[in-house]
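Inspection log for the structure reproduced underneath, given as structure tokens.
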Amino acid sequence: MAANAAKYSRFYVTEVEDGDVLDDETSLGEGPTTDEGIVELFPEDEDTERRSDRHQSTITSENNFALYEKDLENQPRISAFLSSIAQYDSSPPNPNTIRGAKGTDRKNKQKKVKLGTFLGVYLPTVQSILGVILFIRLPWAVGVAGVGQAFLCMFICCLCTFIAALSLSAIATNGVVPAGGPYFLISANLGPEFGGATGIIFYLAHTLSVSLFVLGAIELLVVNIAPEMVLFGSITGNADVLYNNMRVYGTILLILIGLVVFLGVRFISIVGVVSLVLVLISCVSVYAGAFYPTPRVWICTLDGVALQGQISCSSYNYSDVSELYQNITTRYCHPSDPYLRQAFNGTTYMKNGEWLIEPVCKIGVPGLTATNTINENAAPMYLQKGEVKPGQKGEGIQVKATIDADFFILVGILFNAVTGILTGSSRSGDLKDAQKSIPMGTILATLTTSLLYLSCVLIFGGTIDGFYLRDQLGDSSSLPIAMLAWPTKWIVLIGAFVASTTCALQSLTSAPRVLQAIANDNLIPFLKIFGTVGFRGEPTFALFLTMALAELGVLIASVDHVAPIITMFFLIKYLIVNLACALQSLLKAPNWRPRFRFYHWSVSIFGALLCLVLMFFSGWYFAVAALIFTGAVYKYIEYGGAKREWGDGLRGLDLQAARYSLLRLEEGPPHTKNWRPQVLVLCKLDDNLIPSQPKLLSFASQLKAGKGLALVYSVLKGKYSDSAQKLNKARKHLKRFVNDRKVEGFCKVIASSNITEGLSYVIQGAGLGGMAHNTLVVTWPDSWRKKTSWHLFVSLIRMAAISELAVLVPKGINWFPSNSDQAKGNIDVWWIVHDGGLLLLLPFLLKRHKVWKNCFLRIFTIAEVDDNSIQMKRDLEKFLYQLRMQAEVHIIEMPDSDISAYTYERTLIMEQRNDLLTKLRLNKSEAKGDVQNLIARSFSRRSSNVAVRSSPSLSTISLVSQNSQQETMGGGATTEPLEPLSPKLSSPKTPHATGESQVGVASTPGLKDVDDDTSSLTSSFGGDMDDEPKSSLLASHTNVPVAGHSPFQSGARSVNEGVSLLTAGTAINAPKENNVKRMNTSMKLNELIVTTSHDSALVIVNLPSPPHTKGEEENYMEYLEVLTEGLQRVLMVRGGGREVITIYS
């Protein structure tokens, strides 16, 4: 059996590759059993290709974590928890890669390639922002608004989106963003009502964007690229014909794009890359053309206004007018040209066949060499529909204004040029590091495109003449921006057409998925049908609805009329993004920890107000309609009751708002990201009704950076009917202390005939509805050995566990800093058991307060024998990065060494003392005098010369036979040294052959004395300390070693040199195995903590579960005392059974 035990002396854990999924039948079989009764899960000769991580999490070192064994029954191991977090993938699962799918094999599995900032965010965002408006409307806007106002208009649009990008960066870096993008972000930060309303707005914006891009592509096609495709007659000067062509060809293009999406073609992303390349080439050609030295593009004008029909400016020589009429095939910009004479006959420009103002040719694109061009284009020339100059209607074939124009109408049209900043957040699942890539890529893309747009305003104003810029459709020649390009206009025309078509394709792909996400969330029940997936995994019904709505936009047939509607939707979306960021910043929720730092709530508020102003100034009727629609969707999702009675005055409004909020909070438990510590502080009052530990209130105030509720309660012993005045006085004192320490909350003092029952009522009944407490704060009873305060303390921990409350136990509260102090050094978190994240959240909340803000956070966690320490550190660093927390990470490998003899000694004395106290309670009146002597004898030995370990283990124990005991009672003493303690053994081996009784004896050089607070115990039970030996009485009551016979004499080098634990007639029972293991955990952890964190500003450590067995309470207190001894400031923390921190936004 010994050989078998040696063979299976440790666990063997196989590594599971990322993405491997265990089959249902895969399980951990029962392995061989050793002589200690331990089932070996993974023997060396067993074929264990795959093991479940869930089962592995139950494998713990018996000795190292025995103190937390009850916690580990319900919580995962730290290493397993970190591993699961590190392997999280926010991208949607690919059905083709799921193990077990038909036609798939594990060898064929490939990891999805994650993208960086440039490819994953920057380029897609640039491609979304640079669209058709740049090519077909920006030059016209410069012509009508002038360079100055056009620059201002473009700057305002860019500023609005830049502020929204800052707010978006803060929100997107406040945790992992799963699939869902902006819709998920708004829902996660403002709730499902705002999320659903914003999601519908987001969907409609993308749907109408399909219409805008389709109309832009058709305008380029039939006006500039292939005018021979025109139906229903000439479009020159005939808007109705143009609109009918837009409707016909727009519908055809929309159907073709919808068919591509319906068939599920996978090359859409590749087409997007091609489109971006063409757009960038087009922009480069425009910049190159701006610096081209030769003026170009001659345009026929009349009175400074361009003429329609692409009239040639080439000279011709015809002396005979009849010959001219017979042979002319081209229209020329000449006074004798019959086309021009016919067009302007009878107008203000020609009377009786004579030109009053003759048509002349002018250079449309003089280039930057003409230094006066930008000055001529500086002044605005806003036109009403049909005008050629302000207040002057167009005549003949002059290029007339097609729409009314002013500054804010231009904002409504041009704002569509800068949308698309949310693209990066929609691709979070494809990014290597979304929290880094989203803000960096989005802001860089916004700055890049803003610089491009603003520079284009200056280039257009400095290189193209104003009369040509105001030719919106290019009727006089072609698009001004196309004619500016070098070397040929076709670079811009083709690039703009491809870009418009591709953007329409991408919008038609994304819009149905937004509607599908909303339908799947079941926020709007009648939309549920659109959540179904049809052919090739596409949301078919959502696609058909999107195409139908997009067709309505196409039937409008004008880019200038569709663009302002889309602008309203995008402005509402950016307004809500800004509000979400500002609201989170002002509320300072514990979960609000964005990694992006360059934001401020005031900037977000300014951005929201800017969006609102632009909405109303660019089209108040559209703004009102959009806001009413958004409000209707919000109320449809949220509204569920009758109208409220608001009452009169502000007080009534406050009361009604409070009632409404409390009722809303009562609907269910808060989401993890909304969790904050709502603390119930149990404050003890002294005889003068003054808080005995005022720094406990300071600590509660420092925790209130979490912006939760604080309830400060105290219980006085007595009947309420007899203590009314006393209670009022105590409450006034307590209220004064609460206010002085700036605790944001409420205080109350109650009376109870039994303190424990009173505190039980407080824990059960404090708070109101959703504002009830979730965290109990109670101080460590420093004099728990002197008094029976441990009864109350353990009862409070048990009641908190039953009520699922978190528990905070500050030890050494008088050493904690007050609100006027400044703590310096490290806050050390010893994360031993996963408690829902409260252990990690608390230092973040404390560091928000000025007292702790300069402290540095260090996190220590324990690696077990079978853990990969290096991988654990990587996983923990990644976890902290996703939590947006900065901390120094340390993985401590706890040695799996022998249990020291001192551990047995300390456990033995703990047990014997508790047995003594138990007997004491049987007949306190009769045994009071003798018991006091027993206590004195038991603890005077430890006070004088009990040694504390200085090494983790001692190698020998001595066993004394009953025969030797009899010899000792007769005056002789013998000891027999036995074999060293086994590393895996939890208690000394009992020799079976000889029947010897076991006694734990230890000897180690350099051991220190420990004081066990003898005076505390004496005063607790009364009587004087009697120094006279009473060995027989002590043995008969307790079997505790007699004073003066300690084996821990200073300088002892071995067991044989020490003094035996036996006295005359005294035998010592072995300590319980579980108690030894728990004491061993406490002592080992304490040694590690003291060695590493003895000079830290604060040490935070897990509070073990309270004992479930009656009679173990004093042992529990002893374990905690050992765990934290030698530390000045300790905060013991126990979670409430739920997650309180999340990596998500």
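Identifiers in this document derive from the order of the structure tokens: chains are assigned A, B, ..., residues are numbered from 1 separately in each chain, and ligands are numbered from 1 in order of occurrence.
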Review point. Leu776 (chain A): which residues within 8 Å, counting only C-alpha atoms, same-chain residues fewer than 5 positions away excluded, as a list of chain:residue names?
Key: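 In the requested form, the answer reads A:Val679, A:Leu680, A:Val681, A:Leu682, A:Ala800, A:Leu805, A:Ala806, A:Val807, A:Leu808.
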Review point. Nearest to Gly441 (chain A): which of A:Ser714, A:Asn245, A:Thr567, A:Ser169 is it, counting only C-alpha atoms?
Key: A:Ser169
Point to revise | Secondary structure check, strand (DSSP E) residues of region 340-564 of chain A, as JSON, numbers by chain | key: {"A": [350, 351, 354, 355, 360, 361, 362, 363, 364, 365, 387, 388, 389, 392, 393]}
Each residue of region 741-821 of chain A with at least one atom at most 6 Å from region 715-735 of chain A should appear once, together with its nearest atom pair and the corresponding distance in Å (one decimal); atoms considered: only C-alpha atoms; ordering: chain, then increasing residue number; output as a Markdown table.
```
| residue | atom | partner | partner_atom | distance |
| --- | --- | --- | --- | --- |
| A:Val749 | CA | A:Arg731 | CA | 5.7 |
| A:Ile750 | CA | A:Val715 | CA | 5.1 |
| A:Ala751 | CA | A:Leu716 | CA | 4.8 |
| A:Ser752 | CA | A:Lys717 | CA | 5.2 |
| A:Ser753 | CA | A:Gly718 | CA | 4.7 |
```
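Shell of Asp406 (chain A) at 9 Å, with only C-alpha atoms counted and residues fewer than 4 places along the chain excluded, is Val144, Ala145, Tyr382, Leu383, Gln384, Leu410 and Val411 of chain A.
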Can you spit out the residues from that selection as an mmCIF file, in the first residue's frame, using C-alpha atoms?
```cif
data_model
loop_
_atom_site.group_PDB
_atom_site.id
_atom_site.type_symbol
_atom_site.label_atom_id
_atom_site.label_comp_id
_atom_site.auth_asym_id
_atom_site.auth_seq_id
_atom_site.Cartn_x
_atom_site.Cartn_y
_atom_site.Cartn_z
ATOM 1 C CA VAL A 144 -23.201 78.940 -51.922
ATOM 2 C CA ALA A 145 -21.886 79.466 -48.370
ATOM 3 C CA TYR A 382 -27.260 81.680 -50.532
ATOM 4 C CA LEU A 383 -29.905 81.127 -53.176
ATOM 5 C CA GLN A 384 -33.538 80.209 -53.142
ATOM 6 C CA LEU A 410 -26.173 72.965 -45.418
ATOM 7 C CA VAL A 411 -25.551 71.523 -41.956
#
```
Exercise for review: Just give me the gap between CA of Ser795 (chain A) and CA of Leu685 (chain A) in Å, one decimal is fine.
Suggested key: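 Going from CA of Ser795 (chain A) over to CA of Leu685 (chain A) covers 19.2 Å.
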Exercise for review: Considering only C-alpha atoms, return as a ChimeraX atom specification whatever protein or nucleic-acid residues lie within 12 Å of Ala517 (chain A), sequence-local ones (same chain, fewer than 3 positions apart) excluded.
Suggested key: /A:179-184,187,195-196,199-200,202-203,510-514,520-524,527-533,539,542
Residues near region 279-286 of chain A, cut-off 6 Å, only C-alpha atoms, skip fewer than 5 positions along chain, as a PDB file with N, CA and C atoms, in the first residue's frame:
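Resulting contents of part19.pdb:
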```pdb
ATOM      1  N   ALA A 485      -9.765  66.932 -60.601  1.00  0.00           N
ATOM      2  CA  ALA A 485      -8.876  65.785 -60.415  1.00  0.00           C
ATOM      3  C   ALA A 485      -7.848  65.705 -61.534  1.00  0.00           C
ATOM      4  N   TRP A 486      -6.726  65.116 -61.165  1.00  0.00           N
ATOM      5  CA  TRP A 486      -5.648  64.885 -62.130  1.00  0.00           C
ATOM      6  C   TRP A 486      -5.258  63.401 -62.056  1.00  0.00           C
ATOM      7  N   ILE A 491     -11.337  59.141 -62.625  1.00  0.00           N
ATOM      8  CA  ILE A 491     -10.880  58.597 -61.335  1.00  0.00           C
ATOM      9  C   ILE A 491     -11.888  58.924 -60.250  1.00  0.00           C
ATOM     10  N   VAL A 492     -12.328  60.175 -60.224  1.00  0.00           N
ATOM     11  CA  VAL A 492     -13.286  60.594 -59.200  1.00  0.00           C
ATOM     12  C   VAL A 492     -14.672  60.036 -59.485  1.00  0.00           C
ATOM     13  N   GLY A 495     -14.635  56.286 -58.764  1.00  0.00           N
ATOM     14  CA  GLY A 495     -14.411  56.086 -57.330  1.00  0.00           C
ATOM     15  C   GLY A 495     -15.626  56.465 -56.514  1.00  0.00           C
TER      16      GLY A 495
END
```
Practice item. Go ahead and compute the interatomic distance for CA of Leu579 (chain A) and CA of Lys847 (chain A), in Å to one decimal. Key: 25.8 Å
Exercise for review: Name the residues in contact with Leu473 (chain A) at a cut-off of 8 Å, using only C-alpha atoms, excluding same-chain residues fewer than 5 positions from it; report them as a list in words.
Suggested key: Ile136, Val223, Ser478 and Leu479 of chain A
Restricted to N, CA, C and O atoms, what would the selected residues look like written as an mmCIF file, in the first residue's frame?
```
data_model
loop_
_atom_site.group_PDB
_atom_site.id
_atom_site.type_symbol
_atom_site.label_atom_id
_atom_site.label_comp_id
_atom_site.auth_asym_id
_atom_site.auth_seq_id
_atom_site.Cartn_x
_atom_site.Cartn_y
_atom_site.Cartn_z
ATOM 1 N N ILE A 136 -20.413 64.973 -54.306
ATOM 2 C CA ILE A 136 -21.518 65.601 -55.040
ATOM 3 C C ILE A 136 -22.122 66.813 -54.336
ATOM 4 O O ILE A 136 -22.941 67.512 -54.939
ATOM 5 N N VAL A 223 -26.262 61.517 -64.669
ATOM 6 C CA VAL A 223 -25.905 62.914 -64.956
ATOM 7 C C VAL A 223 -24.490 63.019 -65.481
ATOM 8 O O VAL A 223 -24.224 63.804 -66.410
ATOM 9 N N SER A 478 -19.286 69.066 -65.982
ATOM 10 C CA SER A 478 -19.306 67.822 -65.225
ATOM 11 C C SER A 478 -19.140 68.205 -63.762
ATOM 12 O O SER A 478 -19.113 69.398 -63.417
ATOM 13 N N LEU A 479 -19.060 67.234 -62.877
ATOM 14 C CA LEU A 479 -18.869 67.552 -61.461
ATOM 15 C C LEU A 479 -17.616 68.391 -61.269
ATOM 16 O O LEU A 479 -16.547 68.038 -61.790
#
```
Check your understanding: Looking at A:Leu82, A:Leu215, A:Ala589, A:Val147, which one is nearest to Asn375 (chain A), with distances taken over only C-alpha atoms?
Key ->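 Of A:Leu82, A:Leu215, A:Ala589, A:Val147, the one nearest Asn375 (chain A) is A:Val147, counting only C-alpha atoms.
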Review point. Excluding same-chain residues fewer than 6 positions from region 361-371 of chain A, what lies within 7 Å of it counting only C-alpha atoms, as a PyMOL selection string?
Key: chain A and resi 290-293+295-301+313+333+462-465+468+484
Resulting file, chosen residues, all heavy atoms, as a short mmCIF file (atom, residue, chain, number, x, y, z; two decimals), in the first residue's frame:
```cif
data_model
loop_
_atom_site.label_atom_id
_atom_site.label_comp_id
_atom_site.auth_asym_id
_atom_site.auth_seq_id
_atom_site.Cartn_x
_atom_site.Cartn_y
_atom_site.Cartn_z
N ALA A 290 -5.24 70.03 -57.59
CA ALA A 290 -5.24 71.38 -57.02
C ALA A 290 -3.92 72.08 -57.26
O ALA A 290 -3.87 73.31 -57.41
CB ALA A 290 -5.53 71.31 -55.52
N PHE A 291 -2.85 71.33 -57.32
CA PHE A 291 -1.53 71.92 -57.53
C PHE A 291 -1.08 71.83 -58.98
O PHE A 291 0.07 72.16 -59.29
CB PHE A 291 -0.51 71.22 -56.62
CG PHE A 291 -0.74 71.50 -55.15
CD1 PHE A 291 -1.49 70.62 -54.37
CD2 PHE A 291 -0.21 72.64 -54.57
CE1 PHE A 291 -1.70 70.88 -53.03
CE2 PHE A 291 -0.42 72.90 -53.22
CZ PHE A 291 -1.16 72.03 -52.45
N TYR A 292 -1.99 71.37 -59.83
CA TYR A 292 -1.65 71.33 -61.26
C TYR A 292 -1.56 72.76 -61.78
O TYR A 292 -2.49 73.55 -61.62
CB TYR A 292 -2.71 70.53 -62.02
CG TYR A 292 -2.34 70.20 -63.44
CD1 TYR A 292 -1.39 69.23 -63.72
CD2 TYR A 292 -2.93 70.87 -64.51
CE1 TYR A 292 -1.04 68.92 -65.02
CE2 TYR A 292 -2.60 70.56 -65.82
CZ TYR A 292 -1.65 69.59 -66.07
OH TYR A 292 -1.31 69.29 -67.37
N PRO A 293 -0.47 73.14 -62.44
CA PRO A 293 -0.24 74.57 -62.75
C PRO A 293 -1.12 75.13 -63.85
O PRO A 293 -1.32 76.34 -63.93
CB PRO A 293 1.23 74.61 -63.14
CG PRO A 293 1.53 73.23 -63.66
CD PRO A 293 0.67 72.31 -62.86
N PRO A 295 -4.44 76.16 -65.86
CA PRO A 295 -5.90 76.31 -65.72
C PRO A 295 -6.63 75.44 -66.71
O PRO A 295 -6.14 75.16 -67.80
CB PRO A 295 -6.12 77.80 -66.00
CG PRO A 295 -4.79 78.44 -65.78
CD PRO A 295 -3.77 77.43 -66.19
N ARG A 296 -7.81 74.98 -66.36
CA ARG A 296 -8.56 74.08 -67.23
C ARG A 296 -10.05 74.26 -67.01
O ARG A 296 -10.48 74.95 -66.09
CB ARG A 296 -8.13 72.63 -66.99
CG ARG A 296 -8.22 72.19 -65.54
CD ARG A 296 -7.31 70.99 -65.30
NE ARG A 296 -7.34 70.52 -63.93
CZ ARG A 296 -6.66 71.06 -62.95
NH1 ARG A 296 -5.91 72.13 -63.18
NH2 ARG A 296 -6.70 70.57 -61.73
N VAL A 297 -10.83 73.62 -67.87
CA VAL A 297 -12.28 73.62 -67.85
C VAL A 297 -12.82 75.02 -68.17
O VAL A 297 -13.06 75.85 -67.30
CB VAL A 297 -12.85 73.12 -66.50
CG1 VAL A 297 -14.36 72.94 -66.63
CG2 VAL A 297 -12.20 71.85 -66.04
N TRP A 298 -13.03 75.27 -69.49
CA TRP A 298 -13.65 76.51 -69.93
C TRP A 298 -15.16 76.29 -69.94
O TRP A 298 -15.67 75.31 -70.48
CB TRP A 298 -13.15 76.89 -71.32
CG TRP A 298 -11.72 77.35 -71.28
CD1 TRP A 298 -10.61 76.59 -71.32
CD2 TRP A 298 -11.28 78.69 -71.21
NE1 TRP A 298 -9.47 77.35 -71.27
CE2 TRP A 298 -9.86 78.68 -71.20
CE3 TRP A 298 -11.93 79.95 -71.16
CZ2 TRP A 298 -9.08 79.82 -71.14
CZ3 TRP A 298 -11.15 81.09 -71.10
CH2 TRP A 298 -9.74 81.03 -71.08
N ILE A 299 -15.87 77.25 -69.35
CA ILE A 299 -17.31 77.13 -69.20
C ILE A 299 -17.97 78.38 -69.75
O ILE A 299 -17.53 79.50 -69.51
CB ILE A 299 -17.70 76.92 -67.73
CG1 ILE A 299 -17.09 75.60 -67.22
CG2 ILE A 299 -19.20 76.94 -67.54
CD1 ILE A 299 -17.36 75.34 -65.78
N CYS A 300 -19.05 78.17 -70.50
CA CYS A 300 -19.81 79.28 -71.06
C CYS A 300 -20.68 79.89 -69.97
O CYS A 300 -21.44 79.17 -69.29
CB CYS A 300 -20.67 78.78 -72.22
SG CYS A 300 -21.55 80.09 -73.09
N THR A 301 -20.58 81.19 -69.81
CA THR A 301 -21.32 81.90 -68.77
C THR A 301 -22.07 83.08 -69.36
O THR A 301 -21.69 83.61 -70.41
CB THR A 301 -20.36 82.40 -67.67
OG1 THR A 301 -19.49 83.40 -68.22
CG2 THR A 301 -19.56 81.26 -67.09
N CYS A 313 -16.58 75.97 -75.74
CA CYS A 313 -15.91 77.27 -75.80
C CYS A 313 -14.88 77.32 -76.92
O CYS A 313 -14.04 78.23 -76.97
CB CYS A 313 -15.26 77.60 -74.47
SG CYS A 313 -16.44 78.12 -73.20
N CYS A 333 -20.23 78.62 -77.36
CA CYS A 333 -20.42 79.82 -76.53
C CYS A 333 -20.05 81.05 -77.36
O CYS A 333 -18.93 81.58 -77.28
CB CYS A 333 -19.56 79.72 -75.27
SG CYS A 333 -19.87 81.05 -74.09
N GLY A 462 -10.25 77.72 -53.27
CA GLY A 462 -9.07 78.36 -53.83
C GLY A 462 -8.74 77.94 -55.24
O GLY A 462 -7.86 78.56 -55.87
N THR A 463 -9.42 76.91 -55.77
CA THR A 463 -9.06 76.41 -57.10
C THR A 463 -10.21 76.43 -58.10
O THR A 463 -9.97 76.35 -59.30
CB THR A 463 -8.53 74.97 -56.99
OG1 THR A 463 -9.55 74.14 -56.42
CG2 THR A 463 -7.28 74.90 -56.13
N ILE A 464 -11.45 76.51 -57.65
CA ILE A 464 -12.61 76.44 -58.53
C ILE A 464 -13.39 77.74 -58.43
O ILE A 464 -13.65 78.24 -57.32
CB ILE A 464 -13.51 75.24 -58.17
CG1 ILE A 464 -12.72 73.93 -58.18
CG2 ILE A 464 -14.68 75.13 -59.15
CD1 ILE A 464 -13.50 72.72 -57.73
N ASP A 465 -13.77 78.29 -59.56
CA ASP A 465 -14.52 79.54 -59.56
C ASP A 465 -15.91 79.33 -58.99
O ASP A 465 -16.51 78.26 -59.11
CB ASP A 465 -14.62 80.07 -61.00
CG ASP A 465 -14.76 81.58 -61.01
OD1 ASP A 465 -15.55 82.09 -60.18
OD2 ASP A 465 -14.07 82.23 -61.80
N TYR A 468 -18.93 77.98 -61.06
CA TYR A 468 -18.85 76.56 -61.34
C TYR A 468 -19.18 75.73 -60.09
O TYR A 468 -19.83 74.69 -60.17
CB TYR A 468 -17.46 76.23 -61.88
CG TYR A 468 -17.32 74.83 -62.45
CD1 TYR A 468 -18.41 74.14 -62.96
CD2 TYR A 468 -16.08 74.21 -62.50
CE1 TYR A 468 -18.27 72.87 -63.50
CE2 TYR A 468 -15.92 72.94 -63.03
CZ TYR A 468 -17.03 72.28 -63.53
OH TYR A 468 -16.89 71.02 -64.06
N LEU A 484 -11.56 68.87 -61.32
CA LEU A 484 -10.34 69.29 -60.61
C LEU A 484 -9.31 68.17 -60.55
O LEU A 484 -8.10 68.42 -60.46
CB LEU A 484 -10.71 69.74 -59.18
CG LEU A 484 -9.58 70.12 -58.24
CD1 LEU A 484 -8.81 71.33 -58.77
CD2 LEU A 484 -10.12 70.41 -56.83
#
```
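What separates CA of Ala623 (chain A) from CA of Phe569 (chain A) is a distance of 8.8 Å.
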Practice item. Write out as a ChimeraX atom specification all residues of region 729-892 of chain A that backbone DSSP assigns to helix (DSSP H, G or I). Key: /A:729-740,755-765,769-771,789-802,813-815,838-847,869-882
Write a file of the just-selected residues containing C-alpha atoms, as a compact mmCIF listing (two decimals), in the first residue's frame.
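Writing the result to part30.txt gives the following:
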```
# COMPACT_ATOMS: atom_id res chain seq x y z
CA LYS A 729 -29.95 61.44 22.62
CA ALA A 730 -27.92 58.58 21.15
CA ARG A 731 -29.30 59.28 17.68
CA LYS A 732 -28.32 62.94 17.90
CA HIS A 733 -24.76 62.00 18.88
CA LEU A 734 -24.59 59.41 16.13
CA LYS A 735 -26.01 61.84 13.55
CA ARG A 736 -23.40 64.42 14.51
CA PHE A 737 -20.58 61.93 14.04
CA VAL A 738 -22.07 60.77 10.74
CA ASN A 739 -22.28 64.32 9.42
CA ASP A 740 -18.81 65.27 10.66
CA ILE A 755 -28.46 42.76 21.49
CA THR A 756 -28.11 39.77 19.17
CA GLU A 757 -31.81 39.74 18.37
CA GLY A 758 -31.79 43.51 17.89
CA LEU A 759 -28.98 43.29 15.40
CA SER A 760 -30.78 40.45 13.66
CA TYR A 761 -33.82 42.70 13.21
CA VAL A 762 -31.59 45.45 11.87
CA ILE A 763 -30.01 43.16 9.29
CA GLN A 764 -33.42 41.88 8.20
CA GLY A 765 -35.36 45.13 8.14
CA GLY A 769 -37.22 48.37 -1.19
CA GLY A 770 -34.48 48.52 -3.77
CA MET A 771 -32.44 50.80 -1.46
CA SER A 789 -17.93 39.12 21.93
CA TRP A 790 -17.06 36.33 19.53
CA HIS A 791 -20.58 34.98 19.99
CA LEU A 792 -22.04 38.18 18.56
CA PHE A 793 -19.42 38.50 15.82
CA VAL A 794 -19.89 34.98 14.47
CA SER A 795 -23.66 35.36 14.69
CA LEU A 796 -23.45 38.50 12.55
CA ILE A 797 -21.32 36.73 9.94
CA ARG A 798 -23.82 33.87 9.84
CA MET A 799 -26.80 36.21 9.53
CA ALA A 800 -25.07 38.05 6.71
CA ALA A 801 -24.45 34.77 4.91
CA ILE A 802 -28.11 33.78 5.28
CA ILE A 813 -9.85 50.08 12.92
CA ASN A 814 -8.21 52.59 15.24
CA TRP A 815 -5.15 52.51 12.97
CA LEU A 838 -15.83 42.43 -4.30
CA LEU A 839 -12.24 41.97 -3.20
CA LEU A 840 -11.08 43.73 -6.39
CA LEU A 841 -13.81 46.39 -6.39
CA LEU A 842 -13.13 47.69 -2.89
CA PRO A 843 -9.61 49.06 -3.48
CA PHE A 844 -10.87 50.79 -6.63
CA LEU A 845 -13.59 52.52 -4.60
CA LEU A 846 -11.16 53.44 -1.85
CA LYS A 847 -8.70 54.91 -4.34
CA SER A 869 2.02 30.38 -12.37
CA ILE A 870 3.20 32.13 -15.51
CA GLN A 871 -0.12 31.59 -17.28
CA MET A 872 -2.02 32.63 -14.16
CA LYS A 873 -0.14 35.91 -14.13
CA ARG A 874 -0.91 36.53 -17.80
CA ASP A 875 -4.58 35.72 -17.26
CA LEU A 876 -4.80 37.94 -14.19
CA GLU A 877 -3.12 40.83 -16.00
CA LYS A 878 -5.56 40.42 -18.88
CA PHE A 879 -8.48 40.25 -16.48
CA LEU A 880 -7.39 43.46 -14.74
CA TYR A 881 -6.88 45.11 -18.12
CA GLN A 882 -10.45 44.23 -19.10
```
